[in-house]
Amino acid sequence: MAKSSPMLALDKVLHQPIRTQIAAYLASRGEATFTDLKNALALTDGNLDAHMKKLVQTGYIVSRKEGETVRPQTFYALSSEGKSAFDSYVKALSSILGIAS
Amino acid sequence: MQSQSSPSRPIDPLQQLEAINAMLISGHQSIRIEKHTFFYWGIAGGLLAAVLPFIYAMVANFWGNLAIFVSICGGVLGLVAFFDNRKTRWIRRSQDESVSFIQTKITHIWWLLIAVAIVLTIGLDLYGGGAIDISVWFLLIGLALIIHGFFSTQPLLRFGVALIGISMITPLLLPYEGARWLAVSVFGIGMPLLGFMLYQNSEFCNAKKPLALFIWLILATLPGYGIYKAEQSYQLQTPTVNPVSLVDYQAQPALQQGSQIVTLPAGTSLPLKLSAKGDVIRDSAFIALPITLKSAIEVVLENGKLNGLYRIDQGKWQKLRAWKLIHINDLFIDLNPQSGLNMDVQLNIYAGKQ
């Protein structure tokens, strides 16, 4: 029987450098706006938007709006599903590298 | 700018882990103090420091000055805190940025430190520095617990607030000796107990918050208070000899052997020897300030020397320790053609009358 590579078992959505960084940033900061993320990751609007859409579609990131009347702001945060996926991903990476997490 | 990596290119797990660590740190450090904050707090602090002495001079009494300090300092700094926070949020919103969790908590700590500075100033004005040093320890440890509570162990918030409460009540209710025993109890028993409650009984701590806090307060403070009271009621061994008056004591040669009790009745005039020195005055020789006792004091001599035992108005015998309260209540300078330059200093001396 062929042995499957541990790399193949990694979460496909999170195993992408920019999405990993978005998840890590939100995991430590809690909530952030689109501009916060854009500044922290030094990305273009289009690039960040594409990755955010992917993470929102997967259900790893949730958003909420604040200030309905005057210039509403959108805040993004990891969902509980996103948090546990991120934790599992870090554990899987650590185990591939032989680091106790 | 980073770009989307090609799906065909393999991703190095080590680089991924390093990128995760970098972003975790970046998320934790997402704090930025805005320019206006320096202006608001700086200008308010400078104005208060400049204006308060003039307002004090207009009132020129201790309690009036204290009330002015609390109302003006508290009011002005409270308003600064409000407007600073509002403007910071407005700036972030206008740039589509947010105020991070950690920045919110650090702002709370900033406010807390300002409140602590106000409380400390009041305490120092009321009691003097030496008298509230134990309260300052309670206050700062309470603050440290609150800071921990902000970031991790939330129940610590309540215990930190309780400790700050203890720090404020202690000088009002207990003399220094009592405060010292309270510190022994709160630190020696209360802190380990807190660790036990948080780690061994965290469910109880979270489910029955007021009860857990009440139990902790009782167990942390009562032993110290009990020891203090027991010490108060403990009858010190005193010599079984008849007291002699100060006049009789002075009339006969001092006993070189054995014990003696000397009574100083109320109305006795005593010389309080004082000397002064400072940056603009020369060291003065001791001068005797005649003071009059309003309570009778008995003191014990052992082999011709005071052994530190005394009692006031036939009360309990006490042991004189190094510390008794002397508080400079007021210092007033006046120059007028009739009497020239006058400097009035009012000392409050407390010997521990119970």
# chains A, B, ... in the order shown; residues from 1 in each chain; ligands from 1

$ residues_around --residues "stretch 12-17 of chain A" --least-positions-apart "6" --cutoff "12 Å" --atoms "only C-alpha atoms" --output "PyMOL selection string"
(chain A and resi 23-24+41+48+51-61+82-90+92-93) or (chain B and resi 2-20+23)

$ interface_residues --of "chain A" --to "chain B" --cutoff "8 Å" --atoms "only C-alpha atoms" --output "JSON, numbers by chain"
{"A": [15, 16, 17, 18, 20, 21, 22, 24, 25, 26, 27, 28, 29, 30, 31, 32, 33, 34, 35, 36, 40, 42, 43, 44, 47, 73, 75, 90, 93, 94, 96, 97]}

$ select_by_dssp --residues "stretch 171-225 of chain B" --states "alpha helix (DSSP H)" --output "PyMOL selection string"
chain B and resi 171-173+176-185+191-200+202-207+209-225

$ residues_around --residues "B:Glu302" --least-positions-apart "6" --cutoff "10 Å" --atoms "only C-alpha atoms" --output "JSON list (two decimals) with N, CA, C and O atoms, in the first residue's frame"
[["chain", "number", "residue", "atom", "x", "y", "z"],
["B", 239, "PRO", "N", 6.29, 45.40, 85.22],
["B", 239, "PRO", "CA", 6.78, 45.24, 86.59],
["B", 239, "PRO", "C", 5.70, 45.53, 87.62],
["B", 239, "PRO", "O", 4.85, 46.40, 87.41],
["B", 255, "LEU", "N", 17.35, 54.86, 89.75],
["B", 255, "LEU", "CA", 17.64, 53.47, 90.15],
["B", 255, "LEU", "C", 18.54, 52.83, 89.09],
["B", 255, "LEU", "O", 18.21, 52.82, 87.91],
["B", 256, "GLN", "N", 19.65, 52.32, 89.49],
["B", 256, "GLN", "CA", 20.54, 51.67, 88.52],
["B", 256, "GLN", "C", 20.17, 50.20, 88.34],
["B", 256, "GLN", "O", 20.55, 49.58, 87.36],
["B", 257, "GLN", "N", 19.47, 49.64, 89.30],
["B", 257, "GLN", "CA", 19.08, 48.23, 89.25],
["B", 257, "GLN", "C", 17.56, 48.14, 89.42],
["B", 257, "GLN", "O", 16.98, 48.96, 90.13],
["B", 258, "GLY", "N", 16.92, 47.15, 88.77],
["B", 258, "GLY", "CA", 15.50, 46.90, 88.96],
["B", 258, "GLY", "C", 14.60, 47.74, 88.09],
["B", 258, "GLY", "O", 15.07, 48.45, 87.18],
["B", 259, "SER", "N", 13.29, 47.62, 88.34],
["B", 259, "SER", "CA", 12.29, 48.26, 87.48],
["B", 259, "SER", "C", 11.64, 49.43, 88.18],
["B", 259, "SER", "O", 11.56, 49.48, 89.41],
["B", 260, "GLN", "N", 11.14, 50.32, 87.38],
["B", 260, "GLN", "CA", 10.49, 51.52, 87.90],
["B", 260, "GLN", "C", 9.42, 51.97, 86.89],
["B", 260, "GLN", "O", 9.62, 51.83, 85.67],
["B", 261, "ILE", "N", 8.28, 52.43, 87.41],
["B", 261, "ILE", "CA", 7.26, 53.01, 86.51],
["B", 261, "ILE", "C", 7.15, 54.49, 86.86],
["B", 261, "ILE", "O", 6.97, 54.84, 88.04],
["B", 308, "GLY", "N", 10.83, 50.86, 76.65],
["B", 308, "GLY", "CA", 9.90, 50.92, 75.53],
["B", 308, "GLY", "C", 8.45, 50.63, 75.89],
["B", 308, "GLY", "O", 7.56, 50.80, 75.06],
["B", 309, "LEU", "N", 8.21, 50.18, 77.12],
["B", 309, "LEU", "CA", 6.81, 49.92, 77.53],
["B", 309, "LEU", "C", 6.17, 51.21, 78.00],
["B", 309, "LEU", "O", 6.76, 51.98, 78.76]]

$ closest_residue --among "B:Pro171, B:Gly340, B:Pro290, B:Pro53" --to "B:Gly123" --atoms "only C-alpha atoms"
B:Pro171

$ residues_around --residues "B:Leu264" --least-positions-apart "5" --cutoff "6 Å" --atoms "only C-alpha atoms" --output "list in words"
Leu246, Ala296 and Ile297 of chain B

$ write_last_selection --atoms "all heavy atoms" --output "PDB file, in the first residue's frame"
ATOM      1  N   LEU B 246       6.642  62.029  88.050  1.00  0.00           N
ATOM      2  CA  LEU B 246       7.847  62.573  87.402  1.00  0.00           C
ATOM      3  C   LEU B 246       8.633  63.434  88.395  1.00  0.00           C
ATOM      4  O   LEU B 246       9.870  63.393  88.428  1.00  0.00           O
ATOM      5  CB  LEU B 246       7.417  63.401  86.169  1.00  0.00           C
ATOM      6  CG  LEU B 246       8.536  63.996  85.328  1.00  0.00           C
ATOM      7  CD1 LEU B 246       9.420  62.906  84.733  1.00  0.00           C
ATOM      8  CD2 LEU B 246       7.973  64.870  84.216  1.00  0.00           C
ATOM      9  N   ALA B 296      -2.509  61.188  80.397  1.00  0.00           N
ATOM     10  CA  ALA B 296      -1.444  60.722  81.293  1.00  0.00           C
ATOM     11  C   ALA B 296      -0.691  59.582  80.615  1.00  0.00           C
ATOM     12  O   ALA B 296      -1.302  58.717  79.990  1.00  0.00           O
ATOM     13  CB  ALA B 296      -2.048  60.248  82.598  1.00  0.00           C
ATOM     14  N   ILE B 297       0.619  59.597  80.736  1.00  0.00           N
ATOM     15  CA  ILE B 297       1.435  58.537  80.148  1.00  0.00           C
ATOM     16  C   ILE B 297       2.295  57.921  81.249  1.00  0.00           C
ATOM     17  O   ILE B 297       2.874  58.630  82.077  1.00  0.00           O
ATOM     18  CB  ILE B 297       2.341  59.077  79.026  1.00  0.00           C
ATOM     19  CG1 ILE B 297       1.500  59.656  77.885  1.00  0.00           C
ATOM     20  CG2 ILE B 297       3.251  57.987  78.481  1.00  0.00           C
ATOM     21  CD1 ILE B 297       2.311  60.211  76.734  1.00  0.00           C
TER      22      ILE B 297
END

$ closest_residue --among "B:Asn342, B:Gln318, B:Ser284, B:Thr107" --to "B:Leu236" --atoms "only C-alpha atoms"
B:Gln318

$ select_by_dssp --residues "stretch 78-286 of chain B" --states "strand (DSSP E)" --output "ChimeraX atom specification"
/B:244-245,259-264,269-274

$ write_last_selection --atoms "N, CA and C atoms" --output "PDB file, in the first residue's frame"
ATOM      1  N   VAL B 244       5.774  56.008  90.241  1.00  0.00           N
ATOM      2  CA  VAL B 244       6.183  57.244  90.917  1.00  0.00           C
ATOM      3  C   VAL B 244       5.934  58.406  89.956  1.00  0.00           C
ATOM      4  N   SER B 245       5.701  59.558  90.533  1.00  0.00           N
ATOM      5  CA  SER B 245       5.445  60.719  89.673  1.00  0.00           C
ATOM      6  C   SER B 245       6.763  61.221  89.081  1.00  0.00           C
ATOM      7  N   SER B 259      13.292  47.619  88.337  1.00  0.00           N
ATOM      8  CA  SER B 259      12.293  48.256  87.477  1.00  0.00           C
ATOM      9  C   SER B 259      11.639  49.433  88.181  1.00  0.00           C
ATOM     10  N   GLN B 260      11.137  50.318  87.384  1.00  0.00           N
ATOM     11  CA  GLN B 260      10.486  51.525  87.897  1.00  0.00           C
ATOM     12  C   GLN B 260       9.418  51.966  86.886  1.00  0.00           C
ATOM     13  N   ILE B 261       8.278  52.431  87.407  1.00  0.00           N
ATOM     14  CA  ILE B 261       7.263  53.015  86.510  1.00  0.00           C
ATOM     15  C   ILE B 261       7.146  54.488  86.860  1.00  0.00           C
ATOM     16  N   VAL B 262       7.234  55.333  85.857  1.00  0.00           N
ATOM     17  CA  VAL B 262       7.130  56.776  86.089  1.00  0.00           C
ATOM     18  C   VAL B 262       5.868  57.281  85.398  1.00  0.00           C
ATOM     19  N   THR B 263       5.096  58.062  86.134  1.00  0.00           N
ATOM     20  CA  THR B 263       3.839  58.603  85.588  1.00  0.00           C
ATOM     21  C   THR B 263       4.023  60.059  85.192  1.00  0.00           C
ATOM     22  N   LEU B 264       3.578  60.360  83.988  1.00  0.00           N
ATOM     23  CA  LEU B 264       3.556  61.753  83.530  1.00  0.00           C
ATOM     24  C   LEU B 264       2.091  62.138  83.399  1.00  0.00           C
ATOM     25  N   SER B 269       4.137  69.493  81.272  1.00  0.00           N
ATOM     26  CA  SER B 269       4.783  70.218  80.175  1.00  0.00           C
ATOM     27  C   SER B 269       6.110  69.539  79.849  1.00  0.00           C
ATOM     28  N   LEU B 270       6.306  69.266  78.593  1.00  0.00           N
ATOM     29  CA  LEU B 270       7.521  68.569  78.165  1.00  0.00           C
ATOM     30  C   LEU B 270       8.231  69.390  77.099  1.00  0.00           C
ATOM     31  N   PRO B 271       9.567  69.343  77.074  1.00  0.00           N
ATOM     32  CA  PRO B 271      10.248  70.030  75.982  1.00  0.00           C
ATOM     33  C   PRO B 271      10.395  69.100  74.769  1.00  0.00           C
ATOM     34  N   LEU B 272       9.799  69.494  73.656  1.00  0.00           N
ATOM     35  CA  LEU B 272       9.995  68.731  72.416  1.00  0.00           C
ATOM     36  C   LEU B 272      11.153  69.396  71.683  1.00  0.00           C
ATOM     37  N   LYS B 273      12.278  68.695  71.603  1.00  0.00           N
ATOM     38  CA  LYS B 273      13.459  69.327  71.029  1.00  0.00           C
ATOM     39  C   LYS B 273      13.452  69.165  69.510  1.00  0.00           C
ATOM     40  N   LEU B 274      13.562  70.315  68.866  1.00  0.00           N
ATOM     41  CA  LEU B 274      13.499  70.315  67.402  1.00  0.00           C
ATOM     42  C   LEU B 274      14.715  71.026  66.824  1.00  0.00           C
TER      43      LEU B 274
END

$ residues_around --residues "B:Ala81" --least-positions-apart "3" --cutoff "12 Å" --atoms "only C-alpha atoms" --output "ChimeraX atom specification"
/B:36-38,40-42,44,73-78,84-88,107-115
